[in-house]
Structure formats: structure tokens, C-alpha cells
Number of protein chains: 2
Amino acid sequence: MATARIPLLGVTMRVKNACRAGQRTLSGTAHAAKIFDPKEPPGPSMKTEVPGPRSKELLANLDAIQNTGGVYFFVDFERSQGNYIVDADGNVMLDLYTQISSIPIGYNHPRLIRAVQNPANLASFVNRPALGTYPPSDWVTRLQSALLSVAPPGLKQVQTMMCGACSVEHSQKAAFIRYMARQRGGKPPTKEEQDSALINAAPGCPPLSILSFKNAFHGRTMGALACSHTKWLHKLDFPAPDWPIAPFPMLKYPLEDFKAENKKEEESCLAQVQEIIEKYNKAGKPVAGIIVEPAQAEGGDNFATGHFFVGLQKIAKEFNSALMIDEVQTGCGATGKFWAHEHFNLPEAPDIVIFSKKMMSGGFFYKDAFRPAEPFRIFNTWVGDPTKIILLGEVVKVIKEENLLDNVQKTGEYMMKGLKQLEKTSNGFVSRVRGLGSYGSIDFPDADKRDKVIHQLKQQGVNCGACGYKGLRFRPMLTLQKHHVDILLDRLNSVVKSMMK
Amino acid sequence: MATARIPLLGVTMRVKNACRAGQRTLSGTAHAAKIFDPKEPPGPSMKTEVPGPRSKELLANLDAIQNTGGVYFFVDFERSQGNYIVDADGNVMLDLYTQISSIPIGYNHPRLIRAVQNPANLASFVNRPALGTYPPSDWVTRLQSALLSVAPPGLKQVQTMMCGACSVEHSQKAAFIRYMARQRGGKPPTKEEQDSALINAAPGCPPLSILSFKNAFHGRTMGALACSHTKWLHKLDFPAPDWPIAPFPMLKYPLEDFKAENKKEEESCLAQVQEIIEKYNKAGKPVAGIIVEPAQAEGGDNFATGHFFVGLQKIAKEFNSALMIDEVQTGCGATGKFWAHEHFNLPEAPDIVIFSKKMMSGGFFYKDAFRPAEPFRIFNTWVGDPTKIILLGEVVKVIKEENLLDNVQKTGEYMMKGLKQLEKTSNGFVSRVRGLGSYGSIDFPDADKRDKVIHQLKQQGVNCGACGYKGLRFRPMLTLQKHHVDILLDRLNSVVKSMMK
């Protein structure tokens, strides 16, 4: 069995204070945040093409067991460090995709290593509790320090779950429960409701609906998938309920040039949301919830302004429909605020805020009114995993101690400035530079060119992901700094220039 | 922070080779299996009522954050050991419910402790991969040794998932994909199918269905919940598709007295399955899959014979409907075979076998024909968790090395014999003794009496769970031995006698 090659704190590193190669600063300003230096490699270093021979060999083995069409390359997680991912062939890449946006503070962060090695945490890693029935003695304090300390302003109830999709599913159930409780005016369910529920029939299983948006993505289980509208591969062949779908604003860039037009676009979308809800309510399929990403991710990194979200909250309240903000990809600081919806200055908290990915655990925060009166309504065997909350506790501490939200804002500004500069000189090859914090995207003329850029960037040591039909998304860790951005911009400029020829 | 109190290998134990108190053997035969001696407590020992003052205090704190109606007591997982659970008040109970049937080889098993502490596994615990896109280099060998080595005979494809419900959801999708691929006769989907899928409409989202059974339970997300029919609390207020529901055999006990009657019952259920599928197929809601538990658990521990399941497979094949066996609660050795459906002597493998709970990771095995042709069809960010597969790898090794399936069969026989003896003397208070291996149940006259028995058993140091409307289920670990059964029978006899007065 392989011995550990993880660089532990205090242990001599293979690469030690090496000069940071491949860096060309856009600005000379030193960066203020005191971020733990993870002793990262000095920069990307490539030994083979990506995927390399070892990855291809492993891929063939895995392909005997399951479809592997989604696999990019195999990873040597022991050697990956900070912002750098190391593949099975020893190629060292700057990682701006971070396990589909789910690594918060870098690979092998010493605080996470210590949390796993801490004997006081051992029982949690060894014995998995059924949290809803037999929670561990330290569960309440874990929830308080890891989750409630970063709860969206105004929300005090929280439910842990396993992943993003089941968090969406159970938050939909919370919205349905709340809607029907209000319909019943506090009365208990009738015998007829109880009995019909068991056979999937009304009135126990009423034809309620959740409104979602075009190009939205909320997950791949039936209820979550009914609200997802990105690629046919995700949806084809699967039965789906008739739930309403509204247009999401498609803003024009640069924003400062299209202020009036974009506002009109948002107003138009809001008017259609209102109209669609009225239509579904009248048709006997009441809209119990509106689910929305603060920034559509999988659907193409489509951003809307606070104006739109304030309007949406107003409509939700008017129709007693829950406003459900899906922060699975935007939460945990990715946009420079802990929750992306904090950018919107909503008059009050959303009803439900869903999380997963960087938060390590799935789950959702919710208003008191959305707390079910009875047990076992929002429930399953595990309802989450305490080991992920232990890790999240460390992540949250690091974010606070190292002021990483501030870092994301500053690094994000620097990145956007560089991307806009690239756009100006790209003669239309790069377009729609957009983002919040270091969470952002650029578009290319078509999917084929975009895919080639992503492939070329990998060969040059920068790992990025696709987004929508022709977008490339940046999903760095919160620890990304200016010198990393310089590497990205250098490689991106070079790839774009080579493809413009 | 608390120091670890986990008894590590080689460390002196608080309780060392203590005499096994509270044991009264039903038979004098020594037990043959060489099961690791976890240095368990000598028997239950109670300090307070359950839940005790500390549990109640913690419950009040947790109740500020979420509904806690499902919580029985808080657990000191550090002090729990082997078959014994220790609560927050220091009460030591024999655990026959095992975190809702999800602890395979006992609390703080030294092999699991070593796996967590093994430096070679550290990177897996610290860095969570997106397994479908960037799997770790050791992923294939992990899958092979932990999962494929225990694959149900005839199945060679496997998909990991997060939990039982999402495993059910994605296996339903596999059934839908297979059904439509056959409908298309190998042709690619049309543009109309691709486009309509994005807006939840036919033909892209066809009105396919999954047949499930009365009293079945498969999970709590929309697609899984549509196949669950146990308690109204699980279903009320949630929209559900019109999917067919067939009766599951309700066998009479003792089986040997009702052979003809039970066979007739199974035949009748099979005839109704056939009729219902014909009806739904004609109505334009084709039945793409039949999902069934080898033994209904949550719905009341309802068992059917191999005759029924062989018949079900025949019907599934006739209608090109996938036979989906949900082994979430029965799998991983609970019934004395690794998979409960191995008891049935099916002519060929089921199309899909779903697992979770004791398997630590969710997922499903499937026939080659159910492997999607395209990537991203069965997919999400994490698609499972390698740390659970690491633990499962150890569990599987221990099951093989210690011959635990054999132990489950022997202990199960011993338990059933004792329960039947109790039934005989209980004057109808205990009825329907049933089970496979040590996975079994007994019924009481009504829910109220059943709940009182469970409460009293807890006070006497035996933790059990409810099941259906008036059942009590035994879900021990695979390491349960005769001397544990003696403790159960002693306490159960005493509680039953006190309540019969």
C-alpha cells in the first residue's frame, strides 16, 4: 500500500519556497490578505498531454464498470496542494474548476488534515449516525459553530442533507408543507387526505407545483430535475410533472452600456413570472415555491441584478409562494459574500436557502414558518453526515480568520479586469465577461471553439470547466490570489491568440 | 476539546474480559464463528431513564434549530462499542436497531478505526472528489475490491451514489433510459425529443411509470417517494405522479401452517401485478420498471417467498419492465446471504440491485443493458463518497474473514427459535414471528402496546425500532451472537410478561 505523500505541517516539502514561475503581474500592488501559504508548487508543470497515458489506462479499467464519458482525468489527490491539482500522470495544473466548484480552501489544507487526524473526531468518521433519530452528543454544537454561524441573515432553522439534489427535494417538501398548512388554516389533515396520500392521489397528494427558470439547474432527482432546464442529456426519457417555467433575464454586456435595456429585460421576466403563477394557480396547480439560482451556473452563468430578485421576492409574497434561493454553487463565499443573495439587498430573508458543494454537506436554511409541525416529514436515515460538518467547521473558521471573502472580492476584481482587457483585444473571440467575486465566465463564438480552448488550457496547466452552450466558467477556490490569476491570464491570452490565427 | 476515549487496539480497556452478566443461554452449544471480540461491555447497564437528563437537555438545544420529533436519544459514539450503544447519559444498551439498520460490523470496529487513521487514506478523507469527472487514481481498485467483489451474481456494472433515495432515483432513470432506448430501436433521440425534454414535455419527457407495492418504502425524494406507501406523514402535501401500485403478499404465520393459503395469496398478487401493468401500458403510462424490496421493511417486515419473486421476474421480462430489487435495508448480509434476493433462486440476475445503509455508500448494480450510452445521464457533482467505499472495503473484508454470513444465519435461527418460544407463551400478545437470518420482526396487538414494549426495552437496556403499524423490528449488526440474543430474549420476556398482567 502506498505511503502518504501529503505534506503535513512542519514536514519538509518537496517544493519549498520555490520562486513563482510563470507569473506576469498586471498590477504591482501587493495583496493584503494573510492567507495561509499552502506551499504550493511554483506554477503549473506538465509532463504529458492531458489526459495522459496513466489516466487513459485507468479510464479503460473504469469503463469496464460504468459509463466514463464524463471523466476528464484521474487525480493524485495526495500530491494535489492548495490551488493546484496533480493528475495521475504527474501533471500539475492550476485548478479553476475545483471538483465542479466544490473545494473551498484548497487541496490538502492543513486544517482539514488536522481535523481528520484529531482523535476527538475519530468516532465521527468511524460510526455514521442516523442524525434524525440518534444524533451524537456534540451534534448541536457542531451545527451551531459550522452552520448557524454562517446562516443567511434572518434564518435560524437548518436541515442537513446529503447532497445538492436531495437538499432541493426536501426544501421543495418544506415549501409544500407550508403551503398546505396555510390552506388548512391550522387544522389537522383529514382522514381522506391521510388515506389518499398513501396512494399518490389528491387531496393528500395535491397537484402543487414549483416554478423554475429556463436554463436553471437544481439537480437530477425527479423533483430537482423538474426544475432543471439545461441540457437534454440531463432530462431525456424521464417523466416530469407539469410545473411552470419562466424566462430568466439574459443581460447584455458590458452591463454599463445596456442599463436601460437590461432593466427592461428584468421587468419583462418578472411580468411573465407573475402571469405564469396566475395561470397555474387558476389551473389548479398552485405554485407553492419559486426556486432560483442567484446566478445561473450550469445554464451558462446568467446573472441578474438585485432589482430582479427584489421583484421576485415581492411576487412570491403576493402569491404565498416560497422564495427558494439555490446557493449550491454560489454559496460559501464564491461571489465575495458568504451567500450570493446578500448582494441583492432583499427587504427580508429568502424563505429557504439551499446549500451543498463548498459547504461539504448538503442542506438548507429556512424561516421558522417553514418548520414542519410533525416529525418524519423532512427525514431519511442519515439526513447528512457529521464528518462533513466537522470539515465545514474548519472551513468556516479559515474563511473568517483569513478574511477570505475580502480576498475573493479583490482577486475577483483583478481577474475581471484582466478578462475584460483580453476581451478588448480578442476581436469578438472572447465575449460577455461577467461575474461576481471570482465566480465568473466568458463566452466563445461556439461550443466547439470553447471546448478547444478548455482542452488547450489543460495542456498548458490550467484546469477550467464548460458552462452553458459556449461559456467557460471560472470556479476557483476562495484562496485564489493575484499571482494565480496572472498564470490564468497568461495561458488564456496565449491560447486565444493561437486560436484567433 | 474532548480527548478520544475510543478503545484502540492494544490499549487497555476500561472493561476487560469482564464476565458476561445478564446471560441465560437457551442452548448450551458453543458458537463456532471466530468473530473479533470487540471487548464489549459485559451487558446493558442503565444509569438513568432513556432519554435521560443529558439527552433531554441536548434535545431542547437542537429543537431551537429544527423539528426534533424523531430523536430518541443522543449518543456517545466514542464510548459505544461493538453491539452496544452508549447514550449521552452513560446508559449502555444492546443495539438491535443500529442507526436504522445501517451499522454493519459494530461501533468503533478496530478495522474501521485503522482505515480512518491510515495515512494512505488521508487524502480521500480531506479532499472530496467529483467522482464522475475527476476520480482519484485508486478509485477503480477501490470499486473492485469493495463493491465488485460482492456484486450480486450476474451483475458487473455499478454506480455509486450518496444515499438510498438518490440511488433509487437514479436507478429509476436507468430503467427509463433502457425502456426508451429499446423503443427507439437504437436510433438517436429526435430534435423534438431533445427540445421538449428541456421543458418537461413529451415526447422528450414521456409519461413512463414505475410500479411499486402497497406498504413499500423506497425513500423520500419525489421519484422514490412516489414508490413509497407506508405512513401519511411521509407523503402528505407532496405532489406525486400517477404510477401503479400493486398489492404485496401478506403471508400468514406460522408459514408451515398456511402453505396453500400463502401460495394463493402470492399468486393473487402476481395476477394483479400483471393486470395493473397491462392497464397502465394501455393507458399510455408504460411501466418501465417494477421496484420491490426483497422483504418490506418500513412497511411492516412483510416477507414473500422465492415463488413470488420468480413470478415477478417473469412478468417483468414479459413487459420489458426492469426488475429493480431495493436491497437498501436487506443487503450487506443482514438476512444471512450477502443479498437477500439470493434466497429466491431467480433464474437470472435482477436488472438492478439498489444498496445503501450497511453498505456505507449508496449505489446500484445493473445489467449491461442498463448502462447509458451517453455520459452525464446518471451523474451529479459527487456521485458518491470515496471515504465510504474505503470503509466498505474493510467491512467486506471482515465479513469474509470472519464468516459473518454464517454467523447471521446461526444467530438468526437461534433468535427466531427464542421468539417463537416467547410467542407460544404470550397468549397472542406476541404474534407473526418472522424473519430471514437475524433480520426479523414480531407484532403486538396494537401500535400503542408495541410502542410501550419498545420504550420498556430501552429502559432495560435493549434498543429496538418500530416497524409498520404494530411491528417491532430487529436490525442487529452482523456480529450479533447467541449471548446477545439471550439478553434480548430475557428482557423481552420480562417486558411482555409485565404488560400481559
# chains A, B, ... in the order shown; residues from 1 in each chain; ligands from 1
call {"tool": "select_by_dssp", "arguments": {"residues": "range 255-478 of chain B", "states": "strand (DSSP E)", "output": "PyMOL selection string"}}
result
chain B and resi 287-292+295-296+302-303+322-326+352-355+362-366+431-436+439-443+462-463+465-467+471-474
call {"tool": "select_by_dssp", "arguments": {"residues": "range 81-297 of chain B", "states": "helix (DSSP H, G or I)", "output": "ChimeraX atom specification"}}
result
/B:98-101,110-117,119-126,139-150,164-184,191-197,222-225,232-235,255-257,259-282
call {"tool": "residues_around", "arguments": {"residues": "Leu422 in chain B", "least_positions_apart": "5", "cutoff": "10 Å", "atoms": "only C-alpha atoms", "output": "PDB file with N, CA, C and O atoms, in the first residue's frame"}}
result
ATOM      1  N   MET B 416     -34.869 -16.646  16.175  1.00  0.00           N
ATOM      2  CA  MET B 416     -36.229 -16.992  15.750  1.00  0.00           C
ATOM      3  C   MET B 416     -36.816 -18.085  16.659  1.00  0.00           C
ATOM      4  O   MET B 416     -37.985 -18.038  17.020  1.00  0.00           O
ATOM      5  N   LYS B 417     -35.966 -19.041  17.017  1.00  0.00           N
ATOM      6  CA  LYS B 417     -36.407 -20.122  17.897  1.00  0.00           C
ATOM      7  C   LYS B 417     -36.871 -19.536  19.238  1.00  0.00           C
ATOM      8  O   LYS B 417     -37.941 -19.877  19.755  1.00  0.00           O
ATOM      9  N   ASN B 427     -49.791 -15.908  24.758  1.00  0.00           N
ATOM     10  CA  ASN B 427     -51.243 -15.857  24.681  1.00  0.00           C
ATOM     11  C   ASN B 427     -51.728 -14.814  23.658  1.00  0.00           C
ATOM     12  O   ASN B 427     -52.649 -14.049  23.905  1.00  0.00           O
ATOM     13  N   PHE B 429     -50.236 -12.129  22.656  1.00  0.00           N
ATOM     14  CA  PHE B 429     -49.679 -10.772  22.816  1.00  0.00           C
ATOM     15  C   PHE B 429     -48.556 -10.549  21.802  1.00  0.00           C
ATOM     16  O   PHE B 429     -48.400  -9.457  21.261  1.00  0.00           O
ATOM     17  N   VAL B 430     -47.778 -11.572  21.553  1.00  0.00           N
ATOM     18  CA  VAL B 430     -46.733 -11.543  20.517  1.00  0.00           C
ATOM     19  C   VAL B 430     -47.193 -12.441  19.369  1.00  0.00           C
ATOM     20  O   VAL B 430     -47.650 -13.559  19.609  1.00  0.00           O
ATOM     21  N   SER B 431     -47.090 -11.934  18.142  1.00  0.00           N
ATOM     22  CA  SER B 431     -47.529 -12.751  17.014  1.00  0.00           C
ATOM     23  C   SER B 431     -46.648 -12.523  15.788  1.00  0.00           C
ATOM     24  O   SER B 431     -45.792 -11.635  15.772  1.00  0.00           O
ATOM     25  N   VAL B 433     -44.108 -14.023  14.306  1.00  0.00           N
ATOM     26  CA  VAL B 433     -42.642 -14.095  14.351  1.00  0.00           C
ATOM     27  C   VAL B 433     -42.158 -14.419  12.947  1.00  0.00           C
ATOM     28  O   VAL B 433     -42.579 -15.407  12.353  1.00  0.00           O
ATOM     29  N   LEU B 489     -33.802 -11.829  24.608  1.00  0.00           N
ATOM     30  CA  LEU B 489     -34.938 -12.682  24.964  1.00  0.00           C
ATOM     31  C   LEU B 489     -35.290 -12.537  26.441  1.00  0.00           C
ATOM     32  O   LEU B 489     -36.469 -12.503  26.814  1.00  0.00           O
ATOM     33  N   LEU B 492     -37.007  -9.134  26.766  1.00  0.00           N
ATOM     34  CA  LEU B 492     -38.285  -9.126  26.056  1.00  0.00           C
ATOM     35  C   LEU B 492     -39.321  -9.964  26.807  1.00  0.00           C
ATOM     36  O   LEU B 492     -40.474  -9.545  26.981  1.00  0.00           O
ATOM     37  N   ASN B 493     -38.906 -11.121  27.256  1.00  0.00           N
ATOM     38  CA  ASN B 493     -39.803 -11.952  28.066  1.00  0.00           C
ATOM     39  C   ASN B 493     -40.312 -11.196  29.285  1.00  0.00           C
ATOM     40  O   ASN B 493     -41.504 -11.208  29.589  1.00  0.00           O
ATOM     41  N   VAL B 496     -42.727  -8.346  28.167  1.00  0.00           N
ATOM     42  CA  VAL B 496     -44.001  -8.898  27.694  1.00  0.00           C
ATOM     43  C   VAL B 496     -44.830  -9.410  28.878  1.00  0.00           C
ATOM     44  O   VAL B 496     -46.028  -9.135  28.976  1.00  0.00           O
ATOM     45  N   LYS B 497     -44.183 -10.117  29.778  1.00  0.00           N
ATOM     46  CA  LYS B 497     -44.909 -10.637  30.944  1.00  0.00           C
ATOM     47  C   LYS B 497     -45.514  -9.519  31.785  1.00  0.00           C
ATOM     48  O   LYS B 497     -46.650  -9.583  32.215  1.00  0.00           O
TER      49      LYS B 497
END
call {"tool": "residues_around", "arguments": {"residues": "Trp232 in chain A", "least_positions_apart": "3", "cutoff": "10 Å", "atoms": "only C-alpha atoms", "output": "MDAnalysis selection string"}}
result
(chainID A and resid 229 235:237) or (chainID B and resid 189 191 193:199 204:205 377)
call {"tool": "write_last_selection", "arguments": {"atoms": "N, CA and C atoms", "output": "PDB file, in the first residue's frame"}}
result
ATOM      1  N   HIS A 229     -33.319  22.851 -16.491  1.00  0.00           N
ATOM      2  CA  HIS A 229     -33.620  23.001 -17.923  1.00  0.00           C
ATOM      3  C   HIS A 229     -32.370  23.416 -18.673  1.00  0.00           C
ATOM      4  N   LYS A 235     -32.220  15.298 -19.084  1.00  0.00           N
ATOM      5  CA  LYS A 235     -33.681  15.226 -18.903  1.00  0.00           C
ATOM      6  C   LYS A 235     -34.379  14.168 -19.756  1.00  0.00           C
ATOM      7  N   LEU A 236     -33.784  13.833 -20.890  1.00  0.00           N
ATOM      8  CA  LEU A 236     -34.448  12.963 -21.867  1.00  0.00           C
ATOM      9  C   LEU A 236     -34.851  11.621 -21.264  1.00  0.00           C
ATOM     10  N   ASP A 237     -36.066  11.185 -21.583  1.00  0.00           N
ATOM     11  CA  ASP A 237     -36.625   9.867 -21.207  1.00  0.00           C
ATOM     12  C   ASP A 237     -37.223   9.840 -19.807  1.00  0.00           C
TER      13      ASP A 237
ATOM     14  N   PRO B 189     -32.102  10.100 -30.248  1.00  0.00           N
ATOM     15  CA  PRO B 189     -33.319  10.880 -29.979  1.00  0.00           C
ATOM     16  C   PRO B 189     -33.518  11.956 -31.054  1.00  0.00           C
ATOM     17  N   LYS B 191     -34.770  15.663 -32.653  1.00  0.00           N
ATOM     18  CA  LYS B 191     -34.664  17.059 -32.207  1.00  0.00           C
ATOM     19  C   LYS B 191     -35.873  17.414 -31.338  1.00  0.00           C
ATOM     20  N   GLU B 193     -37.616  15.442 -29.453  1.00  0.00           N
ATOM     21  CA  GLU B 193     -37.444  14.830 -28.131  1.00  0.00           C
ATOM     22  C   GLU B 193     -36.464  15.650 -27.288  1.00  0.00           C
ATOM     23  N   GLN B 194     -35.371  16.035 -27.906  1.00  0.00           N
ATOM     24  CA  GLN B 194     -34.362  16.813 -27.169  1.00  0.00           C
ATOM     25  C   GLN B 194     -34.936  18.142 -26.685  1.00  0.00           C
ATOM     26  N   ASP B 195     -35.657  18.827 -27.555  1.00  0.00           N
ATOM     27  CA  ASP B 195     -36.175  20.148 -27.194  1.00  0.00           C
ATOM     28  C   ASP B 195     -37.288  20.072 -26.156  1.00  0.00           C
ATOM     29  N   SER B 196     -38.190  19.123 -26.347  1.00  0.00           N
ATOM     30  CA  SER B 196     -39.321  19.022 -25.408  1.00  0.00           C
ATOM     31  C   SER B 196     -38.855  18.580 -24.018  1.00  0.00           C
ATOM     32  N   ALA B 197     -37.762  17.792 -23.986  1.00  0.00           N
ATOM     33  CA  ALA B 197     -37.241  17.347 -22.685  1.00  0.00           C
ATOM     34  C   ALA B 197     -36.900  18.540 -21.804  1.00  0.00           C
ATOM     35  N   LEU B 198     -36.409  19.619 -22.434  1.00  0.00           N
ATOM     36  CA  LEU B 198     -35.966  20.781 -21.653  1.00  0.00           C
ATOM     37  C   LEU B 198     -37.124  21.490 -20.950  1.00  0.00           C
ATOM     38  N   ILE B 199     -38.348  21.286 -21.450  1.00  0.00           N
ATOM     39  CA  ILE B 199     -39.494  21.951 -20.807  1.00  0.00           C
ATOM     40  C   ILE B 199     -40.457  20.933 -20.185  1.00  0.00           C
ATOM     41  N   GLY B 204     -40.043  14.184 -25.238  1.00  0.00           N
ATOM     42  CA  GLY B 204     -38.752  14.082 -24.548  1.00  0.00           C
ATOM     43  C   GLY B 204     -38.880  13.575 -23.124  1.00  0.00           C
ATOM     44  N   CYS B 205     -39.907  14.050 -22.427  1.00  0.00           N
ATOM     45  CA  CYS B 205     -40.218  13.550 -21.081  1.00  0.00           C
ATOM     46  C   CYS B 205     -41.492  12.721 -21.183  1.00  0.00           C
ATOM     47  N   ARG B 377     -25.773  11.119 -18.031  1.00  0.00           N
ATOM     48  CA  ARG B 377     -27.180  10.723 -17.897  1.00  0.00           C
ATOM     49  C   ARG B 377     -27.456  10.358 -16.434  1.00  0.00           C
TER      50      ARG B 377
END
call {"tool": "residues_around", "arguments": {"residues": "Phe355 in chain A", "least_positions_apart": "6", "cutoff": "6 Å", "atoms": "only C-alpha atoms", "output": "VMD selection string"}}
result
chain A and resid 327 to 328 362 to 364
call {"tool": "residues_around", "arguments": {"residues": "Gly106 in chain A", "least_positions_apart": "4", "cutoff": "8 Å", "atoms": "only C-alpha atoms", "output": "JSON, numbers by chain"}}
result
{"A": [81, 82, 83, 84, 477, 478, 479]}
call {"tool": "residues_around", "arguments": {"residues": "Tyr366 in chain B", "least_positions_apart": "5", "cutoff": "12 Å", "atoms": "only C-alpha atoms", "output": "VMD selection string"}}
result
(chain A and resid 65 to 67) or (chain B and resid 148 151 to 160 167 170 to 172 174 to 175 178 322 to 326 349 to 355 371 to 372)
call {"tool": "atom_distance", "arguments": {"atom1": "CA of His343 in chain B", "atom2": "CA of Ala165 in chain B"}}
result
24.3 Å
call {"tool": "closest_residue", "arguments": {"among": "A:Phe217, A:Phe176, A:Tyr97, A:Phe338", "to": "chain B", "atoms": "only C-alpha atoms"}}
result
A:Phe176
call {"tool": "closest_residue", "arguments": {"among": "A:Val485, A:Val396, A:Leu391, A:Val408", "to": "Gln117 in chain A", "atoms": "only C-alpha atoms"}}
result
A:Leu391
call {"tool": "closest_residue", "arguments": {"among": "A:Val310, A:Ile389, A:Ala123, A:Met499", "to": "chain B", "atoms": "only C-alpha atoms"}}
result
A:Ala123
call {"tool": "atom_distance", "arguments": {"atom1": "CA of Ala340 in chain B", "atom2": "CA of Asp368 in chain B"}}
result
21.5 Å
call {"tool": "closest_residue", "arguments": {"among": "B:Cys332, B:Ala447, B:Leu225, B:Met93", "to": "chain A", "atoms": "only C-alpha atoms"}}
result
B:Leu225
call {"tool": "closest_residue", "arguments": {"among": "B:Val462, B:Val287, B:Ala202, B:Val50", "to": "chain A", "atoms": "only C-alpha atoms"}}
result
B:Ala202
call {"tool": "closest_residue", "arguments": {"among": "A:Asn91, A:Gln481, A:Ser149, A:Ser209", "to": "chain B", "atoms": "only C-alpha atoms"}}
result
A:Ser209
call {"tool": "atom_distance", "arguments": {"atom1": "CA of Pro188 in chain A", "atom2": "CA of His234 in chain B"}}
result
15.1 Å
